[in-house]
Each structure stands twice: as structure tokens, then as C-alpha cells.
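Containing compact mmCIF, C-alpha atoms: final_7.txt.
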# COMPACT_ATOMS: atom_id res chain seq x y z
CA MET A 287 -31.80 30.40 59.40
CA ALA A 288 -34.59 30.61 56.83
CA ALA A 289 -32.30 32.50 54.44
CA LYS A 290 -29.64 29.85 54.84
CA THR A 291 -32.07 27.06 53.90
CA ALA A 292 -33.14 29.01 50.82
CA ASP A 293 -29.48 29.34 49.85
CA ALA A 294 -28.94 25.60 50.19
CA GLN A 295 -31.95 24.88 47.93
CA ARG A 296 -30.76 27.21 45.19
CA PRO A 297 -30.20 25.40 41.88
CA LEU A 298 -26.60 25.47 40.74
CA SER A 299 -24.96 25.84 37.35
CA PRO A 300 -25.33 24.20 34.80
CA PHE A 301 -28.96 23.62 35.75
CA MET A 302 -29.56 27.37 35.67
CA LEU A 303 -29.45 27.22 31.87
CA GLY A 304 -32.79 27.43 30.13
CA GLN A 305 -34.86 27.35 33.32
CA TYR A 306 -33.72 30.50 35.06
CA TYR A 307 -31.51 32.31 32.59
CA ARG A 308 -32.72 33.65 29.28
CA PHE A 309 -30.95 32.24 26.25
CA GLN A 310 -27.39 33.54 25.78
CA LEU A 311 -25.07 32.59 22.95
CA THR A 312 -22.09 32.71 25.31
CA SER A 313 -23.37 30.14 27.81
CA LEU A 314 -24.63 27.86 25.02
CA LEU A 315 -21.21 27.91 23.32
CA SER A 316 -19.50 27.32 26.67
CA ILE A 317 -21.45 24.14 27.48
CA THR A 318 -21.21 23.05 23.83
CA HIS A 319 -17.41 23.20 24.15
CA ARG A 320 -17.58 20.70 27.01
CA ILE A 321 -20.19 18.49 25.34
CA THR A 322 -18.19 18.33 22.09
CA GLY A 323 -15.09 17.55 24.15
CA VAL A 324 -16.80 14.56 25.79
CA ILE A 325 -18.23 13.44 22.41
CA LEU A 326 -14.71 13.57 20.91
CA SER A 327 -13.34 11.55 23.84
CA VAL A 328 -15.93 8.86 23.14
CA GLY A 329 -15.04 9.11 19.45
CA THR A 330 -11.47 8.02 20.18
CA VAL A 331 -12.88 4.49 20.58
CA PHE A 332 -14.00 4.66 16.92
CA LEU A 333 -10.56 5.97 15.93
CA ALA A 334 -8.96 3.03 17.79
CA ALA A 335 -11.33 0.61 16.00
CA TRP A 336 -10.25 2.10 12.66
CA LEU A 337 -6.52 1.65 13.35
CA LEU A 338 -6.78 -1.73 15.07
CA SER A 339 -8.96 -3.23 12.33
CA ALA A 340 -6.45 -1.99 9.75
CA ALA A 341 -3.56 -3.49 11.73
CA THR A 342 -5.45 -6.81 12.02
CA GLY A 343 -5.84 -7.27 8.28
CA PRO A 344 -8.01 -6.70 5.17
CA ALA A 345 -10.93 -8.85 6.38
CA SER A 346 -11.44 -7.04 9.69
CA TYR A 347 -10.83 -3.71 7.96
CA GLY A 348 -13.59 -4.59 5.51
CA GLY A 349 -15.94 -5.10 8.43
CA PHE A 350 -15.05 -1.74 9.93
CA VAL A 351 -15.46 0.05 6.61
CA ARG A 352 -18.90 -1.55 6.07
CA PHE A 353 -20.03 -0.10 9.40
CA ALA A 354 -18.34 3.28 8.88
CA ARG A 355 -19.87 3.69 5.41
CA GLY A 356 -23.35 2.67 6.54
CA TRP A 357 -25.85 5.42 7.37
CA PHE A 358 -25.17 5.16 11.12
CA GLY A 359 -21.39 5.22 10.68
CA GLN A 360 -21.63 8.23 8.37
CA LEU A 361 -23.91 10.00 10.86
CA LEU A 362 -21.36 9.39 13.64
CA LEU A 363 -18.49 10.60 11.45
CA PHE A 364 -20.44 13.68 10.39
CA GLY A 365 -21.24 14.52 14.03
CA TRP A 366 -17.66 13.93 15.12
CA SER A 367 -16.23 16.05 12.31
CA TRP A 368 -18.40 19.00 13.37
CA ALA A 369 -17.62 18.39 17.06
CA LEU A 370 -13.90 18.38 16.23
CA PHE A 371 -14.05 21.61 14.22
CA TYR A 372 -16.23 23.30 16.83
CA HIS A 373 -13.93 22.26 19.70
CA LEU A 374 -10.88 23.30 17.66
CA CYS A 375 -12.26 26.76 16.76
CA ASN A 376 -13.69 27.46 20.21
CA GLY A 377 -10.48 26.15 21.78
CA ILE A 378 -8.55 28.81 19.87
CA ARG A 379 -11.07 31.36 21.20
CA HIS A 380 -10.43 30.09 24.73
CA MET A 381 -6.66 30.39 24.32
CA LEU A 382 -7.08 33.95 23.01
CA TRP A 383 -8.93 34.71 26.25
CA ASP A 384 -6.07 33.08 28.20
CA THR A 385 -3.78 35.74 26.76
CA VAL A 386 -6.36 38.42 27.73
CA HIS A 387 -7.42 39.20 24.17
CA ALA A 388 -10.92 39.59 22.70
CA PHE A 389 -12.38 39.70 26.19
CA GLU A 390 -14.73 42.67 25.79
CA LEU A 391 -18.40 41.63 25.67
CA LYS A 392 -18.79 42.61 22.01
CA ASP A 393 -15.65 40.65 21.07
CA VAL A 394 -16.84 37.64 23.05
CA TYR A 395 -20.05 37.62 20.96
CA LEU A 396 -18.24 38.33 17.70
CA GLY A 397 -15.78 35.48 18.39
CA GLY A 398 -18.70 33.22 19.26
CA TRP A 399 -20.44 33.82 15.93
CA ILE A 400 -17.14 33.38 14.07
CA VAL A 401 -16.67 30.00 15.80
CA VAL A 402 -20.21 28.89 14.84
CA ALA A 403 -19.72 29.94 11.20
CA ALA A 404 -16.18 28.57 10.91
CA SER A 405 -17.10 25.16 12.39
CA LEU A 406 -20.02 24.79 9.96
CA LEU A 407 -17.97 25.93 6.94
CA LEU A 408 -15.04 23.62 7.79
CA THR A 409 -17.40 20.66 8.31
CA ALA A 410 -19.12 21.33 4.97
CA GLY A 411 -15.72 21.73 3.30
CA ILE A 412 -14.28 18.49 4.60
CA TRP A 413 -17.34 16.48 3.53
CA VAL A 414 -17.29 18.02 0.07
CA LEU A 415 -13.62 17.02 -0.14
CA ALA A 416 -14.40 13.50 1.11
CA TYR A 417 -17.12 12.91 -1.50
CA LEU A 418 -15.38 14.60 -4.44
CA MET B 29 -1.56 39.19 43.96
CA SER B 30 -2.46 35.55 44.36
CA PHE B 31 -5.91 34.18 45.13
CA ARG B 32 -4.47 30.94 46.47
CA SER B 33 -4.01 30.28 50.16
CA PRO B 34 -0.47 30.01 51.58
CA LEU B 35 -1.11 26.34 52.39
CA GLY B 36 -2.41 25.65 48.88
CA ARG B 37 0.64 27.37 47.39
CA ALA B 38 3.01 25.38 49.59
CA ARG B 39 1.37 22.11 48.59
CA GLY B 40 1.04 23.14 44.97
CA LEU B 41 -2.57 22.02 45.16
CA GLY B 42 -5.80 23.75 44.24
CA ALA B 43 -9.46 22.75 44.38
CA ALA B 44 -8.74 19.94 41.90
CA ARG B 45 -6.37 18.38 44.49
CA GLU B 46 -3.38 18.37 42.20
CA GLY B 47 -0.88 20.67 40.54
CA VAL B 48 -3.10 23.36 39.04
CA VAL B 49 -0.42 24.95 36.88
CA SER B 50 0.68 21.63 35.47
CA HIS B 51 -2.80 20.45 34.47
CA TRP B 52 -3.81 23.85 33.09
CA TRP B 53 -0.56 24.24 31.20
CA LEU B 54 -0.53 20.72 29.74
CA GLN B 55 -4.12 21.15 28.55
CA ARG B 56 -3.08 24.29 26.60
CA LEU B 57 0.17 22.75 25.38
CA THR B 58 -1.60 19.68 23.95
CA ALA B 59 -4.34 21.96 22.55
CA VAL B 60 -1.80 24.04 20.62
CA ALA B 61 -0.12 20.87 19.30
CA LEU B 62 -3.51 19.48 18.25
CA ILE B 63 -4.39 22.45 16.02
CA PRO B 64 -2.11 21.45 13.10
CA LEU B 65 -2.34 17.71 13.90
CA ALA B 66 -6.16 17.69 13.87
CA LEU B 67 -6.26 19.63 10.59
CA TRP B 68 -3.71 17.21 9.07
CA PHE B 69 -5.66 14.15 10.27
CA VAL B 70 -9.09 15.28 9.09
CA TYR B 71 -7.68 16.46 5.76
CA GLY B 72 -5.92 13.10 5.28
CA MET B 73 -9.05 11.13 6.14
CA ALA B 74 -11.10 13.13 3.64
CA ARG B 75 -8.43 13.41 0.95
CA TYR B 76 -7.30 9.78 0.74
CA HIS B 77 -9.67 6.96 -0.06
CA VAL B 78 -9.26 5.42 3.41
CA ALA B 79 -12.11 2.97 2.83
CA ASP B 80 -9.58 1.05 0.74
CA TYR B 81 -7.28 -1.15 2.85
CA GLN B 82 -4.26 -0.79 0.55
CA THR B 83 -4.56 3.02 0.65
CA VAL B 84 -4.40 3.05 4.46
CA VAL B 85 -1.41 0.68 4.47
CA ALA B 86 0.37 2.81 1.88
CA TRP B 87 -0.44 5.99 3.83
CA MET B 88 1.05 4.60 7.05
CA HIS B 89 4.09 3.30 5.14
CA ASN B 90 5.07 6.91 4.57
CA PRO B 91 7.31 7.61 7.61
CA TYR B 92 6.22 11.25 7.89
CA ALA B 93 2.55 10.26 7.86
CA ALA B 94 3.17 7.55 10.50
CA ILE B 95 5.06 10.01 12.72
CA ALA B 96 2.31 12.62 12.34
CA MET B 97 -0.34 9.98 13.13
CA ILE B 98 1.50 8.92 16.31
CA LEU B 99 1.94 12.55 17.41
CA TRP B 100 -1.77 13.14 16.74
CA LEU B 101 -2.72 10.07 18.80
CA VAL B 102 -0.45 10.90 21.76
CA MET B 103 -1.59 14.53 21.95
CA LEU B 104 -5.24 13.58 21.40
CA PHE B 105 -5.39 10.94 24.13
CA TYR B 106 -3.45 13.13 26.57
CA HIS B 107 -5.73 16.12 25.91
CA SER B 108 -8.82 13.90 26.12
CA ALA B 109 -7.80 12.45 29.51
CA LEU B 110 -7.09 15.93 30.90
CA GLY B 111 -10.41 17.27 29.62
CA LEU B 112 -12.54 14.41 30.93
CA GLU B 113 -10.86 14.77 34.33
CA ILE B 114 -12.04 18.40 34.51
CA VAL B 115 -15.58 17.54 33.40
CA MET B 116 -15.82 14.69 35.91
CA GLY B 117 -14.39 16.91 38.64
CA ASP B 118 -17.01 19.57 37.94
CA TYR B 119 -20.15 17.48 37.62
CA ILE B 120 -19.71 14.43 39.85
CA GLY B 121 -20.50 15.39 43.42
CA ILE B 122 -19.76 12.08 45.14
CA GLU B 123 -16.03 11.90 45.83
CA SER B 124 -15.66 8.09 45.65
CA ILE B 125 -17.47 7.84 42.29
CA LYS B 126 -15.52 10.80 40.91
CA VAL B 127 -12.11 9.38 41.87
CA THR B 128 -13.03 5.89 40.57
CA LEU B 129 -14.22 7.27 37.21
CA VAL B 130 -11.17 9.53 36.82
CA ILE B 131 -8.85 6.56 37.44
CA LEU B 132 -10.87 4.36 35.07
CA GLN B 133 -10.90 6.91 32.25
CA LYS B 134 -7.14 7.43 32.61
CA PHE B 135 -6.56 3.67 32.29
CA VAL B 136 -8.85 3.46 29.27
CA HIS B 137 -7.01 6.37 27.64
CA VAL B 138 -3.62 4.72 28.20
CA VAL B 139 -4.86 1.38 26.82
CA LEU B 140 -6.41 2.99 23.73
CA ALA B 141 -3.34 5.16 23.12
CA VAL B 142 -0.94 2.21 23.36
CA ALA B 143 -3.20 0.07 21.13
CA CYS B 144 -3.47 2.84 18.51
CA VAL B 145 0.26 3.59 18.44
CA PHE B 146 1.01 -0.13 18.17
CA ALA B 147 -1.45 -0.42 15.28
CA VAL B 148 0.25 2.46 13.44
CA LEU B 149 3.70 0.90 13.99
CA LYS B 150 2.48 -2.48 12.76
CA LEU B 151 1.08 -0.85 9.62
CA ALA B 152 4.22 1.25 9.16
CA PHE B 153 6.70 -1.62 9.53
CA GLY B 154 4.49 -4.39 8.10
CA ALA B 155 4.34 -5.69 4.56
CA ALA B 156 3.08 -3.20 1.98
Represent the structure of the file as C-alpha cells.
Amino acid sequence: MAAKTADAQRPLSPFMLGQYYRFQLTSLLSITHRITGVILSVGTVFLAAWLLSAATGPASYGGFVRFARGWFGQLLLFGWSWALFYHLCNGIRHMLWDTVHAFELKDVYLGGWIVVAASLLLTAGIWVLAYL
Amino acid sequence: MSFRSPLGRARGLGAAREGVVSHWWLQRLTAVALIPLALWFVYGMARYHVADYQTVVAWMHNPYAAIAMILWLVMLFYHSALGLEIVMGDYIGIESIKVTLVILQKFVHVVLAVACVFAVLKLAFGAA
């Protein structure tokens, strides 16, 4: 009975992260995939605002652009662009796993670092292109 | 061998209480479609001076761009609704709250998707 109570009290994932597990790249990238996914879902509201303001007319589009080009709008766009590239790259990694490729521990770590590097490079690239 | 119970197989239901294969498959299908569409969208947003109203109107007047934008929107909102459903299913323990939020987010996704597609069509067919 005592063992059963202890089992019931046991903290469950994802609350194991940080507190009970030492840092692992794999678990961090896994939860980041979900967090970026949720962030991108929220970002669709911004995408809708962009299209709807454009469809409404030049005046409302001007209002949207003023917000989007302000420091807060640019911060949101910068965050979303990285979230998109991260989710895209890691999503490809996930689909490779679905086909039972790159599933050895060393490949899982190698793929993880490639995703981190590729998402940062793509984000930098797109912002250089935007401000050229 | 299958890890699913005979009853679960007969109903076509898993722990998520719905067709597991269908949800899993559609999530991958939309993901694959979104790879080129996302790259096209982000490149277009960075490449064209979208802060200018006339540029956006001209961009959406190109039929190929309007079609690509609509495909991007449909796949994006579908993928987003599927993903949020999984996240809500995994982290919300109270069944009534979970079901309510999943229904709500699906409605919001449909509304946003219809609004976005309508906006693109209005830009595409409207005056230049």
C-alpha cells in the first residue's frame, strides 16, 4: 500500500525536466518542438490580421504595417520566423524517424545539432534578405 | 504484431478517442505539404516589400501566388488544429475542459482559415 501511494505521488513528464533529469539536448528539442508549434498556432492570428487588413483597404493596412514595423511587431516576427524554421527543420527530423532512419543515439544528437544550426542560419538569412 | 486491443482495433479508436491512423497520417501529410509552402511564404514575405499596400495587392493579383497562398493557409490551419489537439490532449487532465478547448480551437481555426482565404480571394479578384 505504501509503495502504491509513492507511485501515485510521482511527478510525471514534462515536470521531470530540469528538476529530476539532468539536461539533455534531446528532451529540450522535443519540448521546444511543441512550444514552437503552439507559438506558431498563436501566430496565425497575426497572419490573419495581415491578410484581413490588406483586404479591407490601404488605411487599415497602414495601421497593421505601423504595428508590424514597430519594435514589438518586429520582435514578434523575428520570434515567429525562428519558431517556423525550428519547427520545420525538427519536423523533417521527426518524419525521418517515422521512416526508421537516423534513430541511433549518435544520429539523434547529430540531427538535433543540425536542426539548431539550420534554424538559426535560416532565420539569419531571411532577415538579411528582408533588410537588404 | 499490433499493440492495440481487439476492441480498439474494431472501433478504430486509440487513447485519443478517435481514428489514430487518420490523425497521425494527416499531420504528416500536411507537414510534408507545408515544407515547400512555408519556404515559399517566408521567402516571399522577406523578398517583396510587403509593407507597401500596392506590392501586396500586386503579389496576390498573380494567380500562382494567390493559389500558393491559399494552399499555404489551408495546410497551415489544418496542421495547426491537429497539433493543438495533440498538445491539449496530452497536458489537460480534466476531460470537460479538454473537450471544450479542443472544440473551441477547431472553430477558431475554421473561422481564421475562411477569413484568410476570403481575404486572399478579395485581393486576387479586386481592383489592382
**Prompt:** To one decimal place, how far is CA of Tyr417 in chain A from CA of Val402 in chain A in Å?
**Reply:**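 Taking CA of Tyr417 in chain A as the start and CA of Val402 in chain A as the end point, the length is 23.1 Å.
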**Message:** I'd like to know which of B:Val136, B:Trp100, B:Arg75, B:Ile131 is closest to chain A, using only C-alpha atoms.
**Reply:** B:Arg75
**Message:** Show me, as a PyMOL selection string, the residues of chain B whose atoms get within 9 Å of chain A, using all atoms listed in the file for the distance check.
**Reply:** chain B and resi 56+59-60+62-63+66-67+70-71+73-82+84-85+104-105+108-109+111-112+115+119+137+140-141+143-151+154
**Asked** Which polymer residues have any atom within 8 Å of an atom of range 308-319 of chain A, counting only C-alpha atoms, with same-chain residues fewer than 3 positions away left out, as a PyMOL selection string?
**Response** chain A and resi 303-305+322-323+372-373+376-377+394-395+398
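If all atoms listed in the file are the atoms counted, then among B:Tyr106, B:Phe69, B:Phe31, B:Phe153 the closest residue to Gln55 in chain B is B:Tyr106.
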**Request:** Provide the CA of Ala155 in chain B to CA of Pro91 in chain B distance in Å, to one decimal place.
**Result:** 14.0 Å
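Between CA of Leu129 in chain B and CA of His51 in chain B lies a distance of 17.7 Å.
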